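Chemist: Input file: coords10.txt. Contents: compact mmCIF, C-alpha atoms and all ligand atoms.
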```
# COMPACT_ATOMS: atom_id res chain seq x y z
CA MET H 1 78.72 104.64 98.96
CA GLY H 2 79.52 105.22 102.64
CA GLN H 3 80.81 108.39 104.25
CA LYS H 4 82.60 111.00 102.16
CA LYS H 5 86.33 110.98 102.88
CA LYS H 6 89.33 113.14 102.13
CA ILE H 7 92.40 111.05 101.42
CA GLY H 8 96.01 111.86 100.59
CA ILE H 9 98.40 110.10 98.27
CA LEU H 10 102.18 110.38 98.03
CA THR H 11 105.04 108.65 96.24
CA SER H 12 108.24 108.09 98.20
CA GLY H 13 111.74 106.76 97.45
CA GLY H 14 113.23 106.34 93.98
CA ASP H 15 110.76 106.79 91.14
CA CYS H 16 109.84 103.99 88.75
CA ALA H 17 107.47 103.42 85.86
CA GLY H 18 103.85 102.80 86.86
CA LEU H 19 103.54 105.28 89.75
CA ASN H 20 101.28 107.54 87.73
CA ALA H 21 99.07 104.59 86.83
CA VAL H 22 98.48 104.09 90.57
CA ILE H 23 97.66 107.77 91.09
CA ARG H 24 95.23 107.66 88.18
CA ALA H 25 93.51 104.54 89.52
CA VAL H 26 93.18 106.03 93.02
CA VAL H 27 91.64 109.20 91.60
CA HIS H 28 89.21 107.27 89.36
CA HIS H 29 88.03 104.92 92.10
CA ALA H 30 88.03 107.32 95.05
CA ILE H 31 86.44 110.27 93.25
CA GLY H 32 84.56 108.53 90.43
CA ASN H 33 83.08 105.68 92.48
CA TYR H 34 83.17 106.74 96.14
CA GLY H 35 82.76 110.51 95.68
CA TRP H 36 85.73 111.28 97.98
CA GLU H 37 88.34 114.02 97.71
CA VAL H 38 91.92 113.10 96.79
CA ILE H 39 94.87 115.31 97.76
CA GLY H 40 98.16 114.70 95.95
CA ILE H 41 101.09 115.37 98.32
CA GLN H 42 104.24 116.53 96.55
CA GLU H 43 107.77 115.26 97.12
CA ALA H 44 106.85 112.52 99.57
CA THR H 45 106.99 113.44 103.28
CA HIS H 46 108.81 116.68 102.39
CA GLY H 47 105.46 117.95 101.09
CA LEU H 48 103.83 117.36 104.49
CA MET H 49 106.75 119.04 106.30
CA SER H 50 106.46 122.22 104.23
CA ARG H 51 104.31 125.12 105.39
CA PRO H 52 101.85 125.36 103.85
CA PRO H 53 102.02 121.65 102.93
CA LYS H 54 102.93 121.11 99.28
CA ALA H 55 99.76 119.45 98.09
CA LYS H 56 97.06 119.84 95.46
CA ALA H 57 93.57 118.49 94.99
CA LEU H 58 93.45 115.94 92.19
CA ASP H 59 90.47 115.41 89.97
CA LEU H 60 89.54 113.28 87.00
CA ALA H 61 90.71 115.95 84.56
CA ASN H 62 94.25 115.90 86.09
CA VAL H 63 94.79 112.25 85.39
CA ASP H 64 93.81 111.94 81.73
CA SER H 65 97.18 111.00 80.22
CA LEU H 66 98.80 109.61 83.34
CA LEU H 67 98.66 105.95 82.40
CA LEU H 68 101.45 106.41 79.87
CA MET H 69 103.60 108.80 81.83
CA GLY H 70 106.86 107.73 83.45
CA GLY H 71 108.09 109.11 86.78
CA THR H 72 105.60 110.48 89.28
CA MET H 73 103.45 113.56 88.77
CA LEU H 74 103.73 114.19 92.53
CA GLY H 75 107.52 114.19 92.66
CA THR H 76 109.43 112.08 95.14
CA THR H 77 112.64 111.86 97.12
CA ASN H 78 114.86 109.12 98.48
CA LYS H 79 116.71 111.52 100.74
CA GLY H 80 116.13 113.02 104.15
CA ASN H 81 114.86 110.40 106.60
CA PRO H 82 112.37 112.52 108.60
CA PHE H 83 113.52 110.91 111.86
CA ALA H 84 117.02 112.31 111.29
CA PHE H 85 116.49 115.06 108.77
CA PRO H 86 119.64 116.92 107.69
CA MET H 87 119.27 120.60 108.53
CA PRO H 88 121.11 123.49 106.80
CA ASP H 89 123.42 123.89 109.83
CA GLY H 90 124.56 120.27 109.51
CA SER H 91 122.54 118.98 112.48
CA LEU H 92 119.97 116.17 112.27
CA CYS H 93 116.42 116.88 113.36
CA ASP H 94 113.37 114.66 113.98
CA ARG H 95 110.69 116.29 111.80
CA THR H 96 108.02 113.64 112.10
CA GLU H 97 105.68 115.77 114.25
CA GLU H 98 105.67 118.36 111.44
CA ILE H 99 104.60 115.64 109.00
CA ILE H 100 101.81 114.52 111.31
CA ALA H 101 100.68 118.15 111.73
CA GLY H 102 100.80 118.57 107.93
CA TYR H 103 98.51 115.55 107.50
CA HIS H 104 95.99 116.99 109.98
CA SER H 105 96.18 120.50 108.54
CA LEU H 106 95.08 119.08 105.18
CA GLY H 107 92.11 117.43 106.92
CA LEU H 108 93.12 113.97 105.72
CA GLU H 109 91.38 110.86 107.00
CA ALA H 110 93.72 108.39 105.34
CA LEU H 111 96.96 108.32 103.41
CA ILE H 112 98.08 106.08 100.56
CA GLY H 113 101.87 105.78 100.60
CA ILE H 114 103.52 104.29 97.53
CA GLY H 115 107.04 103.20 98.37
CA GLY H 116 109.69 100.53 98.64
CA ASP H 117 110.66 98.77 101.86
CA GLY H 118 112.58 101.74 103.28
CA SER H 119 109.85 104.30 102.58
CA LEU H 120 107.08 102.01 103.82
CA ALA H 121 108.98 101.38 107.07
CA ILE H 122 109.38 105.14 107.64
CA LEU H 123 105.76 105.92 106.74
CA ARG H 124 104.50 103.17 109.04
CA LYS H 125 106.56 104.46 111.97
CA ILE H 126 105.17 107.98 111.43
CA ALA H 127 101.62 106.62 111.08
CA GLN H 128 101.94 104.73 114.35
CA GLN H 129 103.39 107.72 116.15
CA GLY H 130 100.62 110.04 114.93
CA ASN H 131 97.78 107.53 114.76
CA LEU H 132 97.41 108.15 111.01
CA ASN H 133 95.43 105.83 108.76
CA LEU H 134 97.99 104.45 106.31
CA VAL H 135 97.63 102.07 103.37
CA GLY H 136 100.81 101.06 101.52
CA ILE H 137 101.44 100.18 97.88
CA PRO H 138 104.73 98.44 96.99
CA LYS H 139 106.88 99.95 94.26
CA THR H 140 110.49 99.47 93.29
CA ILE H 141 112.35 98.34 90.21
CA ASP H 142 114.38 96.13 92.57
CA ASN H 143 111.33 93.93 93.33
CA ASP H 144 112.65 93.31 96.82
CA VAL H 145 109.60 94.25 98.95
CA GLY H 146 108.53 91.29 101.08
CA ALA H 147 105.06 89.70 101.07
CA THR H 148 104.31 90.52 97.42
CA GLU H 149 105.40 88.58 94.37
CA VAL H 150 105.84 91.74 92.37
CA SER H 151 106.14 95.49 92.92
CA ILE H 152 105.31 98.33 90.56
CA GLY H 153 108.20 99.29 88.29
CA PHE H 154 109.93 95.92 88.13
CA ASP H 155 108.41 94.76 84.86
CA THR H 156 109.36 97.94 83.00
CA ALA H 157 112.92 97.92 84.37
CA MET H 158 113.31 94.23 83.56
CA SER H 159 111.98 94.74 80.03
CA ILE H 160 114.40 97.64 79.42
CA ALA H 161 117.33 95.53 80.68
CA ALA H 162 116.30 92.63 78.42
CA GLU H 163 115.98 94.99 75.47
CA ALA H 164 119.46 96.34 76.21
CA LEU H 165 120.82 92.79 75.92
CA ASP H 166 118.93 92.36 72.64
CA ARG H 167 120.66 95.46 71.35
CA LEU H 168 124.08 94.37 72.57
CA HIS H 169 123.68 90.91 71.03
CA PHE H 170 124.38 91.73 67.40
CA THR H 171 127.09 94.28 67.95
CA ALA H 172 128.78 91.72 70.24
CA ALA H 173 128.49 89.09 67.53
CA SER H 174 129.75 91.43 64.81
CA HIS H 175 132.95 92.21 66.72
CA ASN H 176 133.49 88.93 68.62
CA ARG H 177 133.32 90.84 71.89
CA VAL H 178 132.34 90.04 75.44
CA MET H 179 129.67 92.56 76.35
CA VAL H 180 129.10 93.23 80.04
CA LEU H 181 125.82 94.87 81.01
CA GLU H 182 125.55 96.25 84.56
CA VAL H 183 122.00 96.69 85.81
CA MET H 184 120.39 98.06 88.99
CA GLY H 185 118.71 96.09 91.72
CA ARG H 186 120.40 97.11 94.95
CA ASP H 187 121.01 93.96 97.02
CA ALA H 188 118.65 91.71 95.07
CA GLY H 189 119.39 90.23 91.66
CA HIS H 190 115.82 90.04 90.32
CA ILE H 191 116.34 92.42 87.38
CA ALA H 192 119.61 90.80 86.32
CA LEU H 193 118.31 87.25 86.56
CA ALA H 194 114.96 87.78 84.85
CA ALA H 195 116.27 90.10 82.13
CA GLY H 196 119.36 87.96 81.67
CA ILE H 197 117.28 84.87 80.96
CA ALA H 198 114.83 86.78 78.75
CA GLY H 199 117.66 88.49 76.87
CA GLY H 200 119.72 85.36 76.27
CA ALA H 201 122.70 86.14 78.55
CA ASP H 202 125.43 83.51 78.68
CA ILE H 203 126.56 84.56 82.15
CA ILE H 204 124.45 86.19 84.87
CA LEU H 205 125.96 87.41 88.12
CA ILE H 206 123.68 88.30 91.05
CA PRO H 207 124.55 89.35 94.61
CA GLU H 208 122.92 86.24 96.07
CA ILE H 209 125.43 83.91 94.34
CA PRO H 210 129.16 84.54 94.89
CA TYR H 211 131.11 83.97 91.68
CA HIS H 212 134.54 82.62 90.87
CA ILE H 213 136.24 84.27 87.90
CA ASP H 214 137.52 80.87 86.71
CA ASN H 215 133.93 79.73 86.13
CA ILE H 216 133.17 82.83 84.07
CA CYS H 217 136.30 82.39 81.96
CA LYS H 218 135.55 78.67 81.52
CA LYS H 219 132.14 79.52 80.07
CA ILE H 220 133.66 82.05 77.65
CA ARG H 221 136.28 79.53 76.52
CA GLN H 222 133.65 76.81 76.06
CA ARG H 223 131.74 79.11 73.76
CA GLN H 224 134.90 80.03 71.87
CA ALA H 225 135.71 76.33 71.43
CA ARG H 226 132.29 75.87 69.80
CA GLY H 227 132.97 78.79 67.46
CA GLN H 228 130.80 81.20 69.47
CA HIS H 229 133.15 84.12 69.74
CA PHE H 230 130.91 86.60 71.50
CA CYS H 231 129.41 86.50 74.93
CA LEU H 232 126.71 88.40 76.85
CA VAL H 233 127.36 88.93 80.55
CA MET H 234 124.67 90.41 82.82
CA VAL H 235 125.93 91.79 86.14
CA SER H 236 123.79 93.10 88.97
CA GLU H 237 125.16 96.27 90.57
CA ALA H 238 125.56 94.83 94.09
CA VAL H 239 127.63 91.80 93.06
CA ARG H 240 130.77 91.73 95.19
CA THR H 241 134.26 91.11 93.92
CA GLU H 242 135.73 87.66 94.47
CA VAL H 243 137.24 88.82 97.74
CA GLY H 244 133.87 90.08 98.94
CA ASP H 245 134.29 93.83 98.39
CA GLN H 246 131.32 95.95 97.37
CA VAL H 247 132.05 98.20 94.40
CA LYS H 248 130.72 101.68 95.02
CA GLU H 249 131.13 105.19 93.76
CA ILE H 250 130.81 108.38 95.78
CA SER H 251 128.25 110.74 94.25
CA GLN H 252 128.79 114.50 94.03
CA MET H 253 126.60 114.75 97.17
CA GLY H 254 129.08 112.53 99.00
CA GLU H 255 126.78 109.49 99.09
CA ASP H 256 127.68 105.87 98.37
CA ARG H 257 126.15 104.46 95.19
CA TYR H 258 126.61 101.01 93.71
CA GLY H 259 128.52 101.18 90.45
CA GLY H 260 131.61 99.76 88.84
CA ILE H 261 131.33 96.00 89.31
CA GLY H 262 130.67 95.60 85.55
CA LYS H 263 133.97 97.32 84.76
CA HIS H 264 135.78 95.17 87.32
CA ILE H 265 134.38 91.92 85.86
CA ALA H 266 135.15 93.05 82.29
CA GLU H 267 138.78 93.78 83.24
CA GLN H 268 139.11 90.38 84.85
CA ILE H 269 137.64 88.65 81.80
CA ALA H 270 140.02 90.52 79.47
CA LYS H 271 142.97 89.69 81.71
CA TYR H 272 142.30 85.94 81.96
CA THR H 273 140.80 85.16 78.53
CA GLY H 274 142.31 87.82 76.29
CA ALA H 275 138.80 88.57 74.99
CA GLU H 276 137.94 92.08 73.92
CA THR H 277 135.38 93.43 76.39
CA ARG H 278 133.05 96.40 76.53
CA VAL H 279 130.89 97.58 79.43
CA THR H 280 127.47 99.20 79.42
CA VAL H 281 126.00 100.59 82.64
CA LEU H 282 122.26 100.91 82.13
CA GLY H 283 121.62 103.12 85.18
CA HIS H 284 118.51 105.23 85.43
CA ILE H 285 117.34 104.30 81.91
CA GLN H 286 115.73 101.39 83.80
CA ARG H 287 113.63 103.75 85.87
CA GLY H 288 112.50 105.99 83.03
CA GLY H 289 110.27 105.76 80.01
CA ILE H 290 106.75 104.63 79.35
CA PRO H 291 105.49 102.01 81.82
CA SER H 292 105.05 98.53 80.38
CA PRO H 293 101.45 97.29 80.03
CA SER H 294 102.08 94.95 83.02
CA ASP H 295 103.12 97.87 85.23
CA ARG H 296 100.12 99.90 84.08
CA LEU H 297 97.90 96.95 84.92
CA LEU H 298 99.50 96.27 88.32
CA GLY H 299 99.43 100.00 89.15
CA SER H 300 95.72 100.13 88.31
CA ILE H 301 94.98 96.98 90.32
CA PHE H 302 96.91 98.21 93.37
CA GLY H 303 95.40 101.70 93.20
CA VAL H 304 91.82 100.41 93.15
CA ALA H 305 92.56 97.86 95.90
CA ALA H 306 94.13 100.51 98.15
CA VAL H 307 91.04 102.72 97.89
CA ASP H 308 88.85 99.72 98.77
CA LEU H 309 90.99 99.09 101.87
CA ILE H 310 90.34 102.66 102.99
CA ALA H 311 86.62 102.21 102.35
CA GLU H 312 86.75 99.14 104.63
CA GLU H 313 88.88 101.12 107.12
CA LYS H 314 91.56 98.42 106.99
CA TYR H 315 94.70 100.40 107.83
CA ASP H 316 98.35 99.59 108.42
CA GLN H 317 97.97 97.25 105.44
CA MET H 318 99.84 97.00 102.14
CA VAL H 319 98.27 95.75 98.94
CA ALA H 320 100.17 92.80 97.48
CA TRP H 321 100.05 90.43 94.53
CA ARG H 322 100.07 86.71 95.33
CA ASN H 323 98.81 83.63 93.51
CA ARG H 324 97.06 85.67 90.80
CA GLN H 325 95.15 87.71 93.38
CA VAL H 326 95.44 91.14 94.90
CA ILE H 327 95.45 90.76 98.66
CA SER H 328 96.31 92.91 101.67
CA VAL H 329 99.02 92.13 104.19
CA PRO H 330 100.13 93.98 107.34
CA ILE H 331 102.79 96.52 106.32
CA GLU H 332 104.89 95.06 109.13
CA GLU H 333 104.95 91.69 107.35
CA ALA H 334 106.06 93.30 104.09
CA ILE H 335 108.94 95.28 105.58
CA LYS H 336 110.33 92.64 107.89
CA THR H 337 111.51 90.41 105.04
CA TYR H 338 113.80 91.66 102.30
CA ARG H 339 112.93 89.61 99.19
CA THR H 340 116.11 88.42 97.52
CA VAL H 341 116.32 85.86 94.70
CA ASP H 342 115.15 82.42 95.83
CA LEU H 343 118.09 80.12 95.11
CA GLU H 344 115.71 77.15 94.92
CA GLY H 345 113.19 79.07 92.80
CA PRO H 346 112.20 78.61 89.15
CA LEU H 347 114.42 81.34 87.68
CA VAL H 348 117.66 79.94 89.11
CA LYS H 349 116.59 76.45 87.96
CA THR H 350 115.72 77.80 84.52
CA ALA H 351 119.04 79.60 84.17
CA LYS H 352 120.93 76.44 85.14
CA GLY H 353 118.75 74.39 82.80
CA LEU H 354 119.64 76.70 79.93
CA GLY H 355 123.34 76.32 80.66
CA ILE H 356 123.69 79.93 81.79
CA CYS H 357 126.73 80.39 84.01
CA LEU H 358 125.76 81.94 87.36
CA GLY H 359 129.39 82.19 88.40
CA ASP H 360 129.26 79.41 91.00
CA ASP H 361 130.21 76.48 88.76
O1 LIG M 1 116.06 101.25 94.71
C1 LIG M 1 115.92 101.64 93.38
C2 LIG M 1 117.24 102.02 92.77
O2 LIG M 1 117.02 102.34 91.41
C3 LIG M 1 118.33 100.96 92.91
O3 LIG M 1 118.18 99.91 91.98
C4 LIG M 1 119.57 101.80 92.72
O4 LIG M 1 120.68 101.23 93.36
C5 LIG M 1 119.19 103.10 93.39
O5 LIG M 1 117.78 103.16 93.41
C6 LIG M 1 119.71 104.34 92.69
O6 LIG M 1 119.35 105.45 93.46
P1 LIG M 1 119.47 106.96 92.96
O7 LIG M 1 118.27 107.24 92.10
O8 LIG M 1 119.47 107.75 94.22
O9 LIG M 1 120.74 107.07 92.18
```
Kindly return the structure encoded in the file as structure tokens.

Modeler:
Amino acid sequence: MGQKKKIGILTSGGDCAGLNAVIRAVVHHAIGNYGWEVIGIQEATHGLMSRPPKAKALDLANVDSLLLMGGTMLGTTNKGNPFAFPMPDGSLCDRTEEIIAGYHSLGLEALIGIGGDGSLAILRKIAQQGNLNLVGIPKTIDNDVGATEVSIGFDTAMSIAAEALDRLHFTAASHNRVMVLEVMGRDAGHIALAAGIAGGADIILIPEIPYHIDNICKKIRQRQARGQHFCLVMVSEAVRTEVGDQVKEISQMGEDRYGGIGKHIAEQIAKYTGAETRVTVLGHIQRGGIPSPSDRLLGSIFGVAAVDLIAEEKYDQMVAWRNRQVISVPIEEAIKTYRTVDLEGPLVKTAKGLGICLGDD
């Protein structure tokens, strides 16, 4: 069984489905099999900055119904980079030493950080600065973390987006409308492409492939000429306009957020084809709800593998899924490459093979 350890776990960045499945797996394996203690740190690094640190001991009784639960029982944040933390007086402060002190004050010997590329990069920098023992687990609906084929949360988000297309299909057909569905994904089009193919989209626009509006209108007219008077258009949120502009909204907190490209495309389609269009922005629906069985499975696999890495004292590593295996890779390798859609990969080929318009021809 080895030496008894006390380990921490935190979730960082935007939430997604499957995070609680990871927490449950870590608790089961670390406590149930290794006999360690597991401390759940609340609200990502903010929990370690607080005094006393916001943290609670987890046990098997805490995690009973977690497999099915969306979100994260630990809370999370995608705000406040601890290297330049916004203070109430408007200044920016480096609070990383407080995080390191918080880790030591809890008596932790290792930390499991569940995050996307941004969070993992920050956690790694803090771990190096403070000599902390970090193991990373990739999560993000965007599926853009390097060195792993899939991250927790993607499958659920993709399934919800595909289901949204299923639901739009018949109302589109009933009214002969062009339905535009805008989905998340930041700068990678994985959700749009996968869900678009699975949901039978006629047109899929992703940030990796610049579109020309003529190609989109041509596809709609071709369908009309065949008597197919409705059309399903999937648009990823970071698609740029034809002239290369990003379409963003300013949130009430004054931050930039992707949003609005679906409306822009729908207006262009209406203008050039005369078709009646409607727009649906799926938004955070993709991050909520019950995790899909695949995300529960991946979360369980990653959670168990992360605990085993700590048992082997293999730190500065991230668990990853590749070639039907769970492996570990240096966190550095995972964060140095941003995983966008492979233009030579099977999904682009499949979309083209199905006659789906990707906007480029
Ligand atoms: O990175 C995950 C993600 O859901 C992106 O797809 C999206 O652009 C962003 O987070 C939304 O962030 P927020 O929850 O802060 O609105």

Chemist: Show me which residues sit within 6 Å of ligand LIG 1 (chain M) when counting all atoms listed in the file, and put them as a list in words.

Modeler: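 What falls inside 6 Å of ligand LIG 1 (chain M) is Gly14, Thr140, Ile141, Asp142, Met184, Gly185, Arg186 and Tyr258 of chain H.
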
Chemist: Quick one: which region 325-359 of chain H residues come within 12 Å of region 116-120 of chain H, and what is the nearest atom pair for each with the distance in Å to one decimal, counting all atoms listed in the file, rows ordered by chain and ascending number, as a Markdown table?

Modeler:
```
| residue | atom | partner | partner_atom | distance |
| --- | --- | --- | --- | --- |
| H:Pro330 | CA | H:Leu120 | CA | 11.2 |
| H:Ile331 | CA | H:Leu120 | CA | 7.4 |
| H:Glu332 | CA | H:Leu120 | CA | 9.0 |
| H:Glu333 | CA | H:Asp117 | CA | 10.6 |
| H:Ala334 | CA | H:Asp117 | CA | 7.5 |
| H:Ile335 | CA | H:Asp117 | CA | 5.4 |
| H:Lys336 | CA | H:Asp117 | CA | 8.6 |
| H:Thr337 | CA | H:Asp117 | CA | 9.0 |
| H:Tyr338 | CA | H:Asp117 | CA | 7.8 |
| H:Arg339 | CA | H:Asp117 | CA | 9.8 |
```

Chemist: Give me, please, the distance in Å between CA of Gly260 (chain H) and CA of Thr277 (chain H), quoted to one decimal.

Modeler: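 Rounded to one decimal, the two atoms are 14.5 Å apart.
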
Chemist: When you look at region 223-233 of chain H with a cut-off of 10 Å (counting all atoms listed in the file), what residues show up, excluding the ones that are within fewer than 2 positions of it in the same chain? I need them as a ChimeraX atom specification.

Modeler: /H:165-166,168-182,192,196,199-205,216-221,235,262,265-266,275-277,279,356-358

Chemist: In Å to one decimal, how far is CA of Ala147 (chain H) from CA of Lys5 (chain H)?

Modeler: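 According to the coordinates, CA of Lys5 (chain H) and CA of Ala147 (chain H) are separated by 28.4 Å.
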
Chemist: When you look at Ser300 (chain H) with a cut-off of 8 Å (counting all atoms listed in the file), what residues show up, excluding the ones that are within fewer than 4 positions of it in the same chain? I need them as a PyMOL selection string.

Modeler: chain H and resi 21-22+24-26+296+304

Chemist: Emit a file covering region 337-346 of chain H of the preceding structure with all heavy atoms, as a compact mmCIF listing (two decimals), in the first residue's frame.

Modeler:
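What follows is the written file result_15.txt:
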```
# COMPACT_ATOMS: atom_id res chain seq x y z
N THR H 337 0.99 22.75 -27.02
CA THR H 337 0.27 22.67 -28.29
C THR H 337 -1.22 22.86 -28.06
O THR H 337 -1.80 22.19 -27.20
CB THR H 337 0.47 21.29 -28.96
OG1 THR H 337 0.29 20.30 -27.96
CG2 THR H 337 1.81 21.17 -29.62
N TYR H 338 -1.80 23.78 -28.79
CA TYR H 338 -3.24 24.01 -28.70
C TYR H 338 -3.87 23.12 -29.78
O TYR H 338 -3.53 23.23 -30.95
CB TYR H 338 -3.51 25.49 -28.95
CG TYR H 338 -4.95 25.88 -28.84
CD1 TYR H 338 -5.60 25.84 -27.62
CD2 TYR H 338 -5.66 26.28 -29.96
CE1 TYR H 338 -6.93 26.19 -27.52
CE2 TYR H 338 -6.99 26.64 -29.86
CZ TYR H 338 -7.62 26.59 -28.63
OH TYR H 338 -8.94 26.94 -28.53
N ARG H 339 -4.77 22.22 -29.38
CA ARG H 339 -5.26 21.20 -30.33
C ARG H 339 -6.48 21.71 -31.10
O ARG H 339 -7.60 21.69 -30.60
CB ARG H 339 -5.62 19.92 -29.56
CG ARG H 339 -5.50 18.65 -30.39
CD ARG H 339 -5.80 17.45 -29.52
NE ARG H 339 -7.21 17.33 -29.25
CZ ARG H 339 -8.09 16.74 -30.04
NH1 ARG H 339 -7.71 16.17 -31.17
NH2 ARG H 339 -9.36 16.68 -29.70
N THR H 340 -6.24 22.17 -32.30
CA THR H 340 -7.35 22.60 -33.14
C THR H 340 -7.78 21.42 -34.03
O THR H 340 -7.18 20.35 -33.97
CB THR H 340 -6.94 23.79 -34.03
OG1 THR H 340 -5.74 23.44 -34.70
CG2 THR H 340 -6.71 25.04 -33.21
N VAL H 341 -8.79 21.63 -34.84
CA VAL H 341 -9.26 20.55 -35.73
C VAL H 341 -8.19 20.24 -36.78
O VAL H 341 -7.64 21.16 -37.40
CB VAL H 341 -10.58 20.97 -36.42
CG1 VAL H 341 -10.94 20.01 -37.55
CG2 VAL H 341 -11.71 21.06 -35.40
N ASP H 342 -7.90 18.97 -36.95
CA ASP H 342 -6.92 18.53 -37.95
C ASP H 342 -7.59 18.57 -39.33
O ASP H 342 -8.53 17.80 -39.59
CB ASP H 342 -6.48 17.10 -37.58
CG ASP H 342 -5.53 16.50 -38.61
OD1 ASP H 342 -5.16 17.21 -39.56
OD2 ASP H 342 -5.18 15.32 -38.44
N LEU H 343 -7.09 19.44 -40.18
CA LEU H 343 -7.76 19.61 -41.48
C LEU H 343 -7.58 18.39 -42.39
O LEU H 343 -8.31 18.22 -43.36
CB LEU H 343 -7.25 20.88 -42.17
CG LEU H 343 -7.54 22.18 -41.39
CD1 LEU H 343 -7.09 23.40 -42.16
CD2 LEU H 343 -9.03 22.29 -41.04
N GLU H 344 -6.60 17.55 -42.05
CA GLU H 344 -6.40 16.31 -42.82
C GLU H 344 -7.02 15.12 -42.08
O GLU H 344 -6.87 13.98 -42.50
CB GLU H 344 -4.90 16.02 -43.02
CG GLU H 344 -4.11 17.13 -43.69
CD GLU H 344 -4.67 17.48 -45.06
OE1 GLU H 344 -5.08 16.55 -45.76
OE2 GLU H 344 -4.73 18.68 -45.39
N GLY H 345 -7.67 15.37 -40.98
CA GLY H 345 -8.17 14.29 -40.11
C GLY H 345 -9.48 13.68 -40.60
O GLY H 345 -10.11 14.17 -41.55
N PRO H 346 -9.92 12.62 -39.92
CA PRO H 346 -11.09 11.87 -40.38
C PRO H 346 -12.40 12.65 -40.36
O PRO H 346 -13.28 12.41 -41.19
CB PRO H 346 -11.16 10.68 -39.42
CG PRO H 346 -10.32 11.04 -38.25
CD PRO H 346 -9.30 12.01 -38.74
```
